[in-house]
Amino acid sequence: MDTPPPPPPPPTQSSPPVNWDALDALVLDFARSDRLLLPPASPSPPSSPSSSSTTTSSSTPSPSSSYRSRLLIRRARTALEEGDVDAALALLRAHAPAALLDHRLLFHLHKQRFVELVRRGTEADREAALDCLRTALAPCALDAYPEAYEEFKHILLVLIYDKDDQSSPVANEWSIKKRFELAGLLSSILRAHLQAYDPILSMTLRYLISIHKLLCSRQGISSPISNLTERLLFDDRDPPAVPQECSLEAPPFDEVDVQALAHAVELTRQGAVDSLKFAKGDLFQAFQNELCRMKLDLPLLDKLIHEYCIYRGIVEGGSHVLPGLQSNNESNDVNFVDKQEDSTETRIDFEMTNNQNGNCSTSDTSHHDSWSRRLRRVRSSASGQRRRKRWRGRVDDLDYGCETPLDANKHAILCSALDMDEVDMIVKPDLMADTGLPDSRCNQDQKYEVILEMRDLTRKGMASKVVEEINNMDPDFFLKNPILLFQLKQVEFLKLVASGDHGAALKVASTHLGPLAASNQALLKPLKETLVTLIQPCEDVLTKSVSLPVLASSLQIAMSRRLGIEEPQLMKIIRTTLHTHSEWFKLQMCKDRFEHFLKIDSLKEVDPSAGSHNMSKVLTDECANGSSQITTCSSGKVLDEGSSPQESSEVTCDENAILKVMEFLALPRADAIQLLMQYGGNAEAVIQQIFS
């Protein structure tokens, strides 16, 4: 019996638009912030932080200091998870002494140090444990917090109860889980203290995935990307940082801020208030603190980023990794996101996706030869030496001890590679000859080079050359993708109009645009609007009518699919979660207060021009007919409050009434709105009815 098909994805009115250039910027910021790329050959002046920074405060740490602080946190966390409290304390004293002024944290550290000393079991360690009691733990218990002294007396029981006794009153204190809880708490405190927040992309993914999971759960929808999201974002979080006693008498916070924070990161109201207290009332700092408590699978995220960077031409392909040092994306034999690693190795003959039915016609063979000739041209040309960035991978734990230290041979290779001039790495191809990579990996890189060259030519507006090159390689390509041909010929037409050559422009329209529109009624309106430019010419007619970056991305995706190159998993995550983000805030009937902070609005901000919007409808219809990976270019902005189609036109809910119902009844915003609609927008009536 055949396996039943998977449940359908959430219904959508159209394929959600994504600004892939904005995602490129976030991905590049992530890779630079975590030093996943090789440094440039010569130092360049530091870039303006305005492009990637989300705040304008003069106290914002530089990328290098933030990176060092995050390494410090990771190192201290690792030490605590391994039970080495002395190492963690030494790191804090050396690099973050102000954090130890938090007596609550210091008490927890000394308490765990006492347990670890007793756990070791030697006579010397027992003496050290007693000394820790007298000189550190007891004095700290007196002024840490009100319950600390009782906890101090309770922890003394570890001296007489065995660590393996699961029925003892201190079984919880003996638990290894305590190490990880304390490590998480320390990370939360240090992160806020050092302003060492993760890159924006990392926080954006946490936020979008958490909303996606919440919407799917509440609506009873099966997520089409659950195999990714469940692995990438863990369910458990680090413990929250507790505000110190002196800040407990903070002034009352705006209820709008409290509810926004509580529902953005799934906190109770009291949890949101405590988070705001710890952040001294700064909503966005509290938001960052809470987002960074969510745990991501960092090795998997690195894999997603690397795959995306290769696909988009941000970094060199897989055959350009450092010699002798395997990228994180190829280590540990991880089953990466439903992809078989050998699938790319078996597609070395560059067969067309639609020719996989076994038919090997003479035409197919000639197409194969055309692609092969083009790939050989790429191999011998300088187009493959574009000085794209080179992937280094995550090697930051060379700076401190870890469970599996890099061996000396790989360390030497890495250091020599980091010191190597970038020009040398490009002009000496023999350096990469002994990497042991299969020929199929190099062939895969050749595919990318062809596709990226066509994409770059499209971005420059060289539409006629793109059509000519693709037709030479694969005469059937535009038969399968007529919408792309229409748009490319539209660009060619508009360029001719802008240059004043109306005769040549009309020839393009009659030869190509007209027949294409005749076979697809949806193209008639864009054709008419394109022809109008003949009587209303202007210098920027091309940019007003067509978005070249969007067209270039659409062409790249179609060519990749034709060559058997799968869409990066990160693109699937972003496209799906952006859609559910929009749907979620339609239900909330408000705008997302954090979407600008996390650059979500930039990811949705695709060319809003009229011409682009009309072509968007055509591309969306094309997507529905099987080309689901075509990039659309319609505006995807979240509706303003009150403009959601799901909102009743008869009842307008006052914002204060919504907040009052949310606060008193501890309800999500959408549920509060539904109740208010039933009672004519009267918050008092809703509350009275519930409590009666």
# chains A, B, ... in the order shown; residues from 1 in each chain; ligands from 1

call {"tool": "residues_around", "arguments": {"residues": "A:Val497", "least_positions_apart": "4", "cutoff": "12 Å", "atoms": "only C-alpha atoms", "output": "list in words"}}
result
Gln490, Val491, Glu492, Phe493, Asp501, His502, Gly503, Ala504, Ala505, Leu506, Lys507, Val508, Ala509, Thr530, Leu531, Val532, Thr533, Leu534, Ile535, Gln536, Pro537, Cys538, Glu539, Asp540, Val541 and Leu542 of chain A

call {"tool": "write_last_selection", "arguments": {"atoms": "N, CA and C atoms", "output": "compact mmCIF listing (two decimals), in the first residue's frame"}}
result
# COMPACT_ATOMS: atom_id res chain seq x y z
N GLN A 490 10.40 42.25 -21.71
CA GLN A 490 9.85 43.53 -21.24
C GLN A 490 10.98 44.48 -20.86
N VAL A 491 12.01 43.96 -20.19
CA VAL A 491 13.17 44.78 -19.85
C VAL A 491 13.86 45.28 -21.11
N GLU A 492 14.03 44.38 -22.07
CA GLU A 492 14.67 44.78 -23.33
C GLU A 492 13.86 45.88 -24.02
N PHE A 493 12.54 45.74 -24.04
CA PHE A 493 11.65 46.74 -24.64
C PHE A 493 11.81 48.09 -23.94
N ASP A 501 14.84 54.41 -29.15
CA ASP A 501 14.74 53.54 -30.32
C ASP A 501 13.37 52.85 -30.31
N HIS A 502 12.34 53.58 -30.69
CA HIS A 502 10.98 53.06 -30.63
C HIS A 502 10.73 51.97 -31.66
N GLY A 503 11.39 52.06 -32.80
CA GLY A 503 11.20 51.05 -33.82
C GLY A 503 11.67 49.68 -33.36
N ALA A 504 12.85 49.62 -32.77
CA ALA A 504 13.37 48.35 -32.26
C ALA A 504 12.51 47.85 -31.11
N ALA A 505 12.00 48.79 -30.30
CA ALA A 505 11.16 48.39 -29.17
C ALA A 505 9.88 47.73 -29.66
N LEU A 506 9.25 48.32 -30.72
CA LEU A 506 8.02 47.73 -31.27
C LEU A 506 8.28 46.37 -31.89
N LYS A 507 9.46 46.20 -32.45
CA LYS A 507 9.80 44.89 -33.02
C LYS A 507 9.88 43.82 -31.93
N VAL A 508 10.48 44.20 -30.78
CA VAL A 508 10.54 43.26 -29.66
C VAL A 508 9.13 42.94 -29.17
N ALA A 509 8.27 43.96 -29.11
CA ALA A 509 6.91 43.75 -28.63
C ALA A 509 6.11 42.83 -29.57
N THR A 530 2.98 48.18 -20.47
CA THR A 530 4.32 48.32 -21.02
C THR A 530 4.29 49.18 -22.27
N LEU A 531 3.29 48.97 -23.12
CA LEU A 531 3.19 49.75 -24.36
C LEU A 531 2.90 51.22 -24.10
N VAL A 532 2.25 51.51 -22.97
CA VAL A 532 1.94 52.91 -22.63
C VAL A 532 3.21 53.73 -22.51
N THR A 533 4.33 53.09 -22.15
CA THR A 533 5.58 53.83 -21.98
C THR A 533 6.06 54.45 -23.29
N LEU A 534 5.51 53.99 -24.44
CA LEU A 534 5.89 54.59 -25.72
C LEU A 534 5.46 56.05 -25.81
N ILE A 535 4.35 56.39 -25.18
CA ILE A 535 3.86 57.78 -25.25
C ILE A 535 4.18 58.56 -23.99
N GLN A 536 4.70 57.88 -22.97
CA GLN A 536 5.09 58.56 -21.73
C GLN A 536 6.51 58.15 -21.34
N PRO A 537 7.46 58.38 -22.23
CA PRO A 537 8.82 57.94 -21.92
C PRO A 537 9.45 58.79 -20.82
N CYS A 538 10.28 58.16 -20.04
CA CYS A 538 11.05 58.88 -19.02
C CYS A 538 12.33 58.09 -18.77
N GLU A 539 13.30 58.75 -18.16
CA GLU A 539 14.61 58.14 -17.98
C GLU A 539 14.58 56.91 -17.09
N ASP A 540 13.72 56.94 -16.06
CA ASP A 540 13.70 55.82 -15.11
C ASP A 540 12.51 54.90 -15.37
N VAL A 541 12.09 54.79 -16.64
CA VAL A 541 10.94 53.95 -16.96
C VAL A 541 11.21 52.50 -16.59
N LEU A 542 12.44 52.06 -16.74
CA LEU A 542 12.75 50.66 -16.46
C LEU A 542 12.60 50.35 -14.98

call {"tool": "residues_around", "arguments": {"residues": "stretch 106-110 of chain A", "least_positions_apart": "4", "cutoff": "10 Å", "atoms": "only C-alpha atoms", "output": "PyMOL selection string"}}
result
chain A and resi 80+85-86+88-89+99-102+114-116+129+132-133+136-145+148+151-152+179+182-183+185-186

call {"tool": "closest_residue", "arguments": {"among": "A:Glu595, A:Glu255, A:Glu468, A:Glu290", "to": "A:Ile658", "atoms": "only C-alpha atoms"}}
result
A:Glu255

call {"tool": "atom_distance", "arguments": {"atom1": "atom CA of A:Tyr311", "atom2": "atom CA of A:Pro224"}}
result
21.8 Å

call {"tool": "closest_residue", "arguments": {"among": "A:Ser66, A:Ser499, A:Ser223, A:Ser553", "to": "A:Tyr197", "atoms": "only C-alpha atoms"}}
result
A:Ser66

call {"tool": "residues_around", "arguments": {"residues": "A:Asp236", "least_positions_apart": "5", "cutoff": "10 Å", "atoms": "only C-alpha atoms", "output": "PDB file with all heavy atoms, in the first residue's frame"}}
result
ATOM      1  N   ARG A 293      17.208  33.806  25.125  1.00  0.00           N
ATOM      2  CA  ARG A 293      17.023  32.647  26.008  1.00  0.00           C
ATOM      3  C   ARG A 293      16.587  31.414  25.223  1.00  0.00           C
ATOM      4  O   ARG A 293      16.786  30.288  25.677  1.00  0.00           O
ATOM      5  CB  ARG A 293      15.965  32.956  27.073  1.00  0.00           C
ATOM      6  CG  ARG A 293      16.421  33.885  28.195  1.00  0.00           C
ATOM      7  CD  ARG A 293      15.248  34.166  29.134  1.00  0.00           C
ATOM      8  NE  ARG A 293      14.629  32.924  29.577  1.00  0.00           N
ATOM      9  CZ  ARG A 293      13.330  32.767  29.818  1.00  0.00           C
ATOM     10  NH1 ARG A 293      12.492  33.787  29.637  1.00  0.00           N
ATOM     11  NH2 ARG A 293      12.848  31.606  30.237  1.00  0.00           N
ATOM     12  N   MET A 294      15.966  31.624  24.053  1.00  0.00           N
ATOM     13  CA  MET A 294      15.552  30.504  23.218  1.00  0.00           C
ATOM     14  C   MET A 294      16.795  29.844  22.628  1.00  0.00           C
ATOM     15  O   MET A 294      17.692  30.524  22.130  1.00  0.00           O
ATOM     16  CB  MET A 294      14.622  30.989  22.098  1.00  0.00           C
ATOM     17  CG  MET A 294      13.367  31.679  22.576  1.00  0.00           C
ATOM     18  SD  MET A 294      12.363  32.236  21.159  1.00  0.00           S
ATOM     19  CE  MET A 294      11.056  33.135  22.000  1.00  0.00           C
ATOM     20  N   LYS A 295      16.823  28.522  22.659  1.00  0.00           N
ATOM     21  CA  LYS A 295      18.023  27.794  22.240  1.00  0.00           C
ATOM     22  C   LYS A 295      17.919  27.343  20.791  1.00  0.00           C
ATOM     23  O   LYS A 295      16.952  26.704  20.392  1.00  0.00           O
ATOM     24  CB  LYS A 295      18.237  26.574  23.141  1.00  0.00           C
ATOM     25  CG  LYS A 295      18.469  26.920  24.606  1.00  0.00           C
ATOM     26  CD  LYS A 295      18.660  25.656  25.438  1.00  0.00           C
ATOM     27  CE  LYS A 295      18.827  25.971  26.908  1.00  0.00           C
ATOM     28  NZ  LYS A 295      18.983  24.745  27.726  1.00  0.00           N
ATOM     29  N   LEU A 296      18.938  27.708  20.016  1.00  0.00           N
ATOM     30  CA  LEU A 296      19.040  27.298  18.626  1.00  0.00           C
ATOM     31  C   LEU A 296      20.091  26.205  18.478  1.00  0.00           C
ATOM     32  O   LEU A 296      21.070  26.165  19.229  1.00  0.00           O
ATOM     33  CB  LEU A 296      19.445  28.483  17.742  1.00  0.00           C
ATOM     34  CG  LEU A 296      18.375  29.489  17.326  1.00  0.00           C
ATOM     35  CD1 LEU A 296      19.030  30.625  16.557  1.00  0.00           C
ATOM     36  CD2 LEU A 296      17.305  28.838  16.469  1.00  0.00           C
TER      37      LEU A 296
END

call {"tool": "residues_around", "arguments": {"residues": "stretch 478-482 of chain A", "least_positions_apart": "6", "cutoff": "8 Å", "atoms": "only C-alpha atoms", "output": "PyMOL selection string"}}
result
chain A and resi 471+516+558

call {"tool": "write_last_selection", "arguments": {"atoms": "all heavy atoms", "output": "PDB file, in the first residue's frame"}}
result
ATOM      1  N   ASN A 471      19.168  30.454 -24.332  1.00  0.00           N
ATOM      2  CA  ASN A 471      18.690  29.719 -25.501  1.00  0.00           C
ATOM      3  C   ASN A 471      19.791  28.870 -26.124  1.00  0.00           C
ATOM      4  O   ASN A 471      19.534  27.774 -26.638  1.00  0.00           O
ATOM      5  CB  ASN A 471      18.122  30.680 -26.544  1.00  0.00           C
ATOM      6  CG  ASN A 471      16.696  31.103 -26.227  1.00  0.00           C
ATOM      7  OD1 ASN A 471      15.945  30.344 -25.606  1.00  0.00           O
ATOM      8  ND2 ASN A 471      16.315  32.301 -26.630  1.00  0.00           N
ATOM      9  N   LEU A 516       3.484  36.015 -26.564  1.00  0.00           N
ATOM     10  CA  LEU A 516       3.441  35.478 -25.204  1.00  0.00           C
ATOM     11  C   LEU A 516       2.143  35.862 -24.507  1.00  0.00           C
ATOM     12  O   LEU A 516       1.530  35.048 -23.805  1.00  0.00           O
ATOM     13  CB  LEU A 516       4.646  35.974 -24.398  1.00  0.00           C
ATOM     14  CG  LEU A 516       5.998  35.351 -24.742  1.00  0.00           C
ATOM     15  CD1 LEU A 516       7.130  36.130 -24.084  1.00  0.00           C
ATOM     16  CD2 LEU A 516       6.045  33.894 -24.296  1.00  0.00           C
ATOM     17  N   ALA A 558      14.576  29.499 -11.092  1.00  0.00           N
ATOM     18  CA  ALA A 558      14.098  28.648 -12.194  1.00  0.00           C
ATOM     19  C   ALA A 558      15.250  27.874 -12.824  1.00  0.00           C
ATOM     20  O   ALA A 558      15.127  26.684 -13.125  1.00  0.00           O
ATOM     21  CB  ALA A 558      13.395  29.509 -13.239  1.00  0.00           C
TER      22      ALA A 558
END

call {"tool": "atom_distance", "arguments": {"atom1": "atom CA of A:Leu283", "atom2": "atom CA of A:Asp257"}}
result
6.6 Å

call {"tool": "closest_residue", "arguments": {"among": "A:Ser69, A:Glu81, A:Leu527, A:Leu457", "to": "A:Leu190", "atoms": "only C-alpha atoms"}}
result
A:Ser69

call {"tool": "closest_residue", "arguments": {"among": "A:Leu570, A:Cys216, A:Leu452, A:Ala552", "to": "A:Leu484", "atoms": "only C-alpha atoms"}}
result
A:Ala552

call {"tool": "residues_around", "arguments": {"residues": "A:Arg126", "least_positions_apart": "4", "cutoff": "12 Å", "atoms": "only C-alpha atoms", "output": "number ranges by chain"}}
result
A: 113-122, 130-133, 158-160

call {"tool": "write_last_selection", "arguments": {"atoms": "C-alpha atoms", "output": "compact mmCIF listing (two decimals), in the first residue's frame"}}
result
# COMPACT_ATOMS: atom_id res chain seq x y z
CA ARG A 113 31.13 24.85 43.49
CA PHE A 114 30.53 23.30 46.91
CA VAL A 115 28.46 20.47 45.35
CA GLU A 116 31.10 19.79 42.68
CA LEU A 117 33.89 19.61 45.28
CA VAL A 118 31.92 17.11 47.34
CA ARG A 119 31.07 15.15 44.17
CA ARG A 120 34.76 14.52 43.46
CA GLY A 121 34.99 12.50 46.66
CA THR A 122 38.67 12.86 47.58
CA LEU A 130 34.35 22.81 53.85
CA ASP A 131 36.61 25.79 53.23
CA CYS A 132 34.19 26.95 50.52
CA LEU A 133 31.37 26.76 53.06
CA VAL A 158 24.99 16.84 50.50
CA LEU A 159 27.72 16.10 53.03
CA ILE A 160 25.77 13.13 54.39

call {"tool": "residues_around", "arguments": {"residues": "stretch 155-157 of chain A", "least_positions_apart": "6", "cutoff": "8 Å", "atoms": "only C-alpha atoms", "output": "PyMOL selection string"}}
result
chain A and resi 111+169-170+173

call {"tool": "decode", "arguments": {"residues": "stretch 169-194 of chain A", "atoms": "N, CA, C and O atoms", "output": "short mmCIF file (atom, residue, chain, number, x, y, z; two decimals), in the first residue's frame"}}
result
data_model
loop_
_atom_site.label_atom_id
_atom_site.label_comp_id
_atom_site.auth_asym_id
_atom_site.auth_seq_id
_atom_site.Cartn_x
_atom_site.Cartn_y
_atom_site.Cartn_z
N PRO A 169 16.74 14.02 50.24
CA PRO A 169 16.16 15.37 50.13
C PRO A 169 16.99 16.32 49.27
O PRO A 169 16.54 17.42 48.97
N VAL A 170 18.21 15.90 48.91
CA VAL A 170 19.06 16.76 48.07
C VAL A 170 19.35 16.10 46.72
O VAL A 170 20.35 16.39 46.07
N ALA A 171 18.46 15.20 46.29
CA ALA A 171 18.65 14.55 44.99
C ALA A 171 18.66 15.58 43.86
O ALA A 171 19.41 15.45 42.89
N ASN A 172 17.87 16.63 43.99
CA ASN A 172 17.83 17.67 42.97
C ASN A 172 19.14 18.45 42.92
O ASN A 172 19.64 18.80 41.85
N GLU A 173 19.72 18.71 44.10
CA GLU A 173 20.99 19.43 44.16
C GLU A 173 22.13 18.60 43.55
O GLU A 173 23.08 19.15 42.99
N TRP A 174 22.05 17.29 43.67
CA TRP A 174 23.06 16.41 43.09
C TRP A 174 22.91 16.29 41.57
O TRP A 174 23.85 15.89 40.87
N SER A 175 21.75 16.60 41.05
CA SER A 175 21.45 16.35 39.64
C SER A 175 22.39 17.13 38.72
O SER A 175 22.69 18.31 38.95
N ILE A 176 22.83 16.48 37.64
CA ILE A 176 23.65 17.14 36.63
C ILE A 176 22.86 18.26 35.94
O ILE A 176 23.44 19.23 35.45
N LYS A 177 21.54 18.12 35.95
CA LYS A 177 20.70 19.15 35.34
C LYS A 177 20.95 20.51 35.97
O LYS A 177 20.81 21.55 35.30
N LYS A 178 21.32 20.53 37.25
CA LYS A 178 21.60 21.79 37.94
C LYS A 178 22.72 22.57 37.27
O LYS A 178 22.72 23.79 37.24
N ARG A 179 23.71 21.82 36.76
CA ARG A 179 24.81 22.49 36.06
C ARG A 179 24.29 23.28 34.87
O ARG A 179 24.66 24.44 34.65
N PHE A 180 23.43 22.64 34.08
CA PHE A 180 22.94 23.27 32.86
C PHE A 180 21.99 24.43 33.17
O PHE A 180 21.97 25.43 32.45
N GLU A 181 21.21 24.30 34.24
CA GLU A 181 20.34 25.41 34.63
C GLU A 181 21.16 26.63 35.04
O GLU A 181 20.86 27.76 34.66
N LEU A 182 22.22 26.38 35.83
CA LEU A 182 23.07 27.49 36.26
C LEU A 182 23.83 28.07 35.07
O LEU A 182 23.99 29.30 34.98
N ALA A 183 24.28 27.22 34.15
CA ALA A 183 24.97 27.71 32.96
C ALA A 183 24.05 28.60 32.12
O ALA A 183 24.47 29.64 31.60
N GLY A 184 22.78 28.20 32.01
CA GLY A 184 21.82 29.02 31.28
C GLY A 184 21.55 30.34 31.97
O GLY A 184 21.45 31.39 31.32
N LEU A 185 21.42 30.30 33.30
CA LEU A 185 21.19 31.54 34.05
C LEU A 185 22.37 32.48 33.90
O LEU A 185 22.19 33.70 33.69
N LEU A 186 23.59 31.95 34.02
CA LEU A 186 24.78 32.79 33.86
C LEU A 186 24.82 33.40 32.46
O LEU A 186 25.16 34.59 32.31
N SER A 187 24.47 32.63 31.45
CA SER A 187 24.46 33.15 30.08
C SER A 187 23.47 34.31 29.95
O SER A 187 23.77 35.33 29.32
N SER A 188 22.29 34.16 30.53
CA SER A 188 21.27 35.22 30.46
C SER A 188 21.77 36.50 31.12
O SER A 188 21.58 37.60 30.59
N ILE A 189 22.41 36.36 32.27
CA ILE A 189 22.90 37.54 33.00
C ILE A 189 24.05 38.20 32.27
O ILE A 189 24.09 39.43 32.10
N LEU A 190 25.02 37.40 31.83
CA LEU A 190 26.18 37.96 31.14
C LEU A 190 25.78 38.61 29.82
O LEU A 190 26.33 39.65 29.44
N ARG A 191 24.84 38.00 29.12
CA ARG A 191 24.43 38.54 27.83
C ARG A 191 23.89 39.95 27.98
O ARG A 191 24.23 40.85 27.20
N ALA A 192 23.06 40.15 28.99
CA ALA A 192 22.51 41.48 29.23
C ALA A 192 23.57 42.43 29.77
O ALA A 192 23.63 43.60 29.39
N HIS A 193 24.42 41.92 30.66
CA HIS A 193 25.44 42.76 31.28
C HIS A 193 26.45 43.25 30.26
O HIS A 193 26.88 44.42 30.28
N LEU A 194 26.85 42.37 29.32
CA LEU A 194 27.87 42.71 28.34
C LEU A 194 27.28 43.21 27.03
O LEU A 194 28.03 43.55 26.10
#
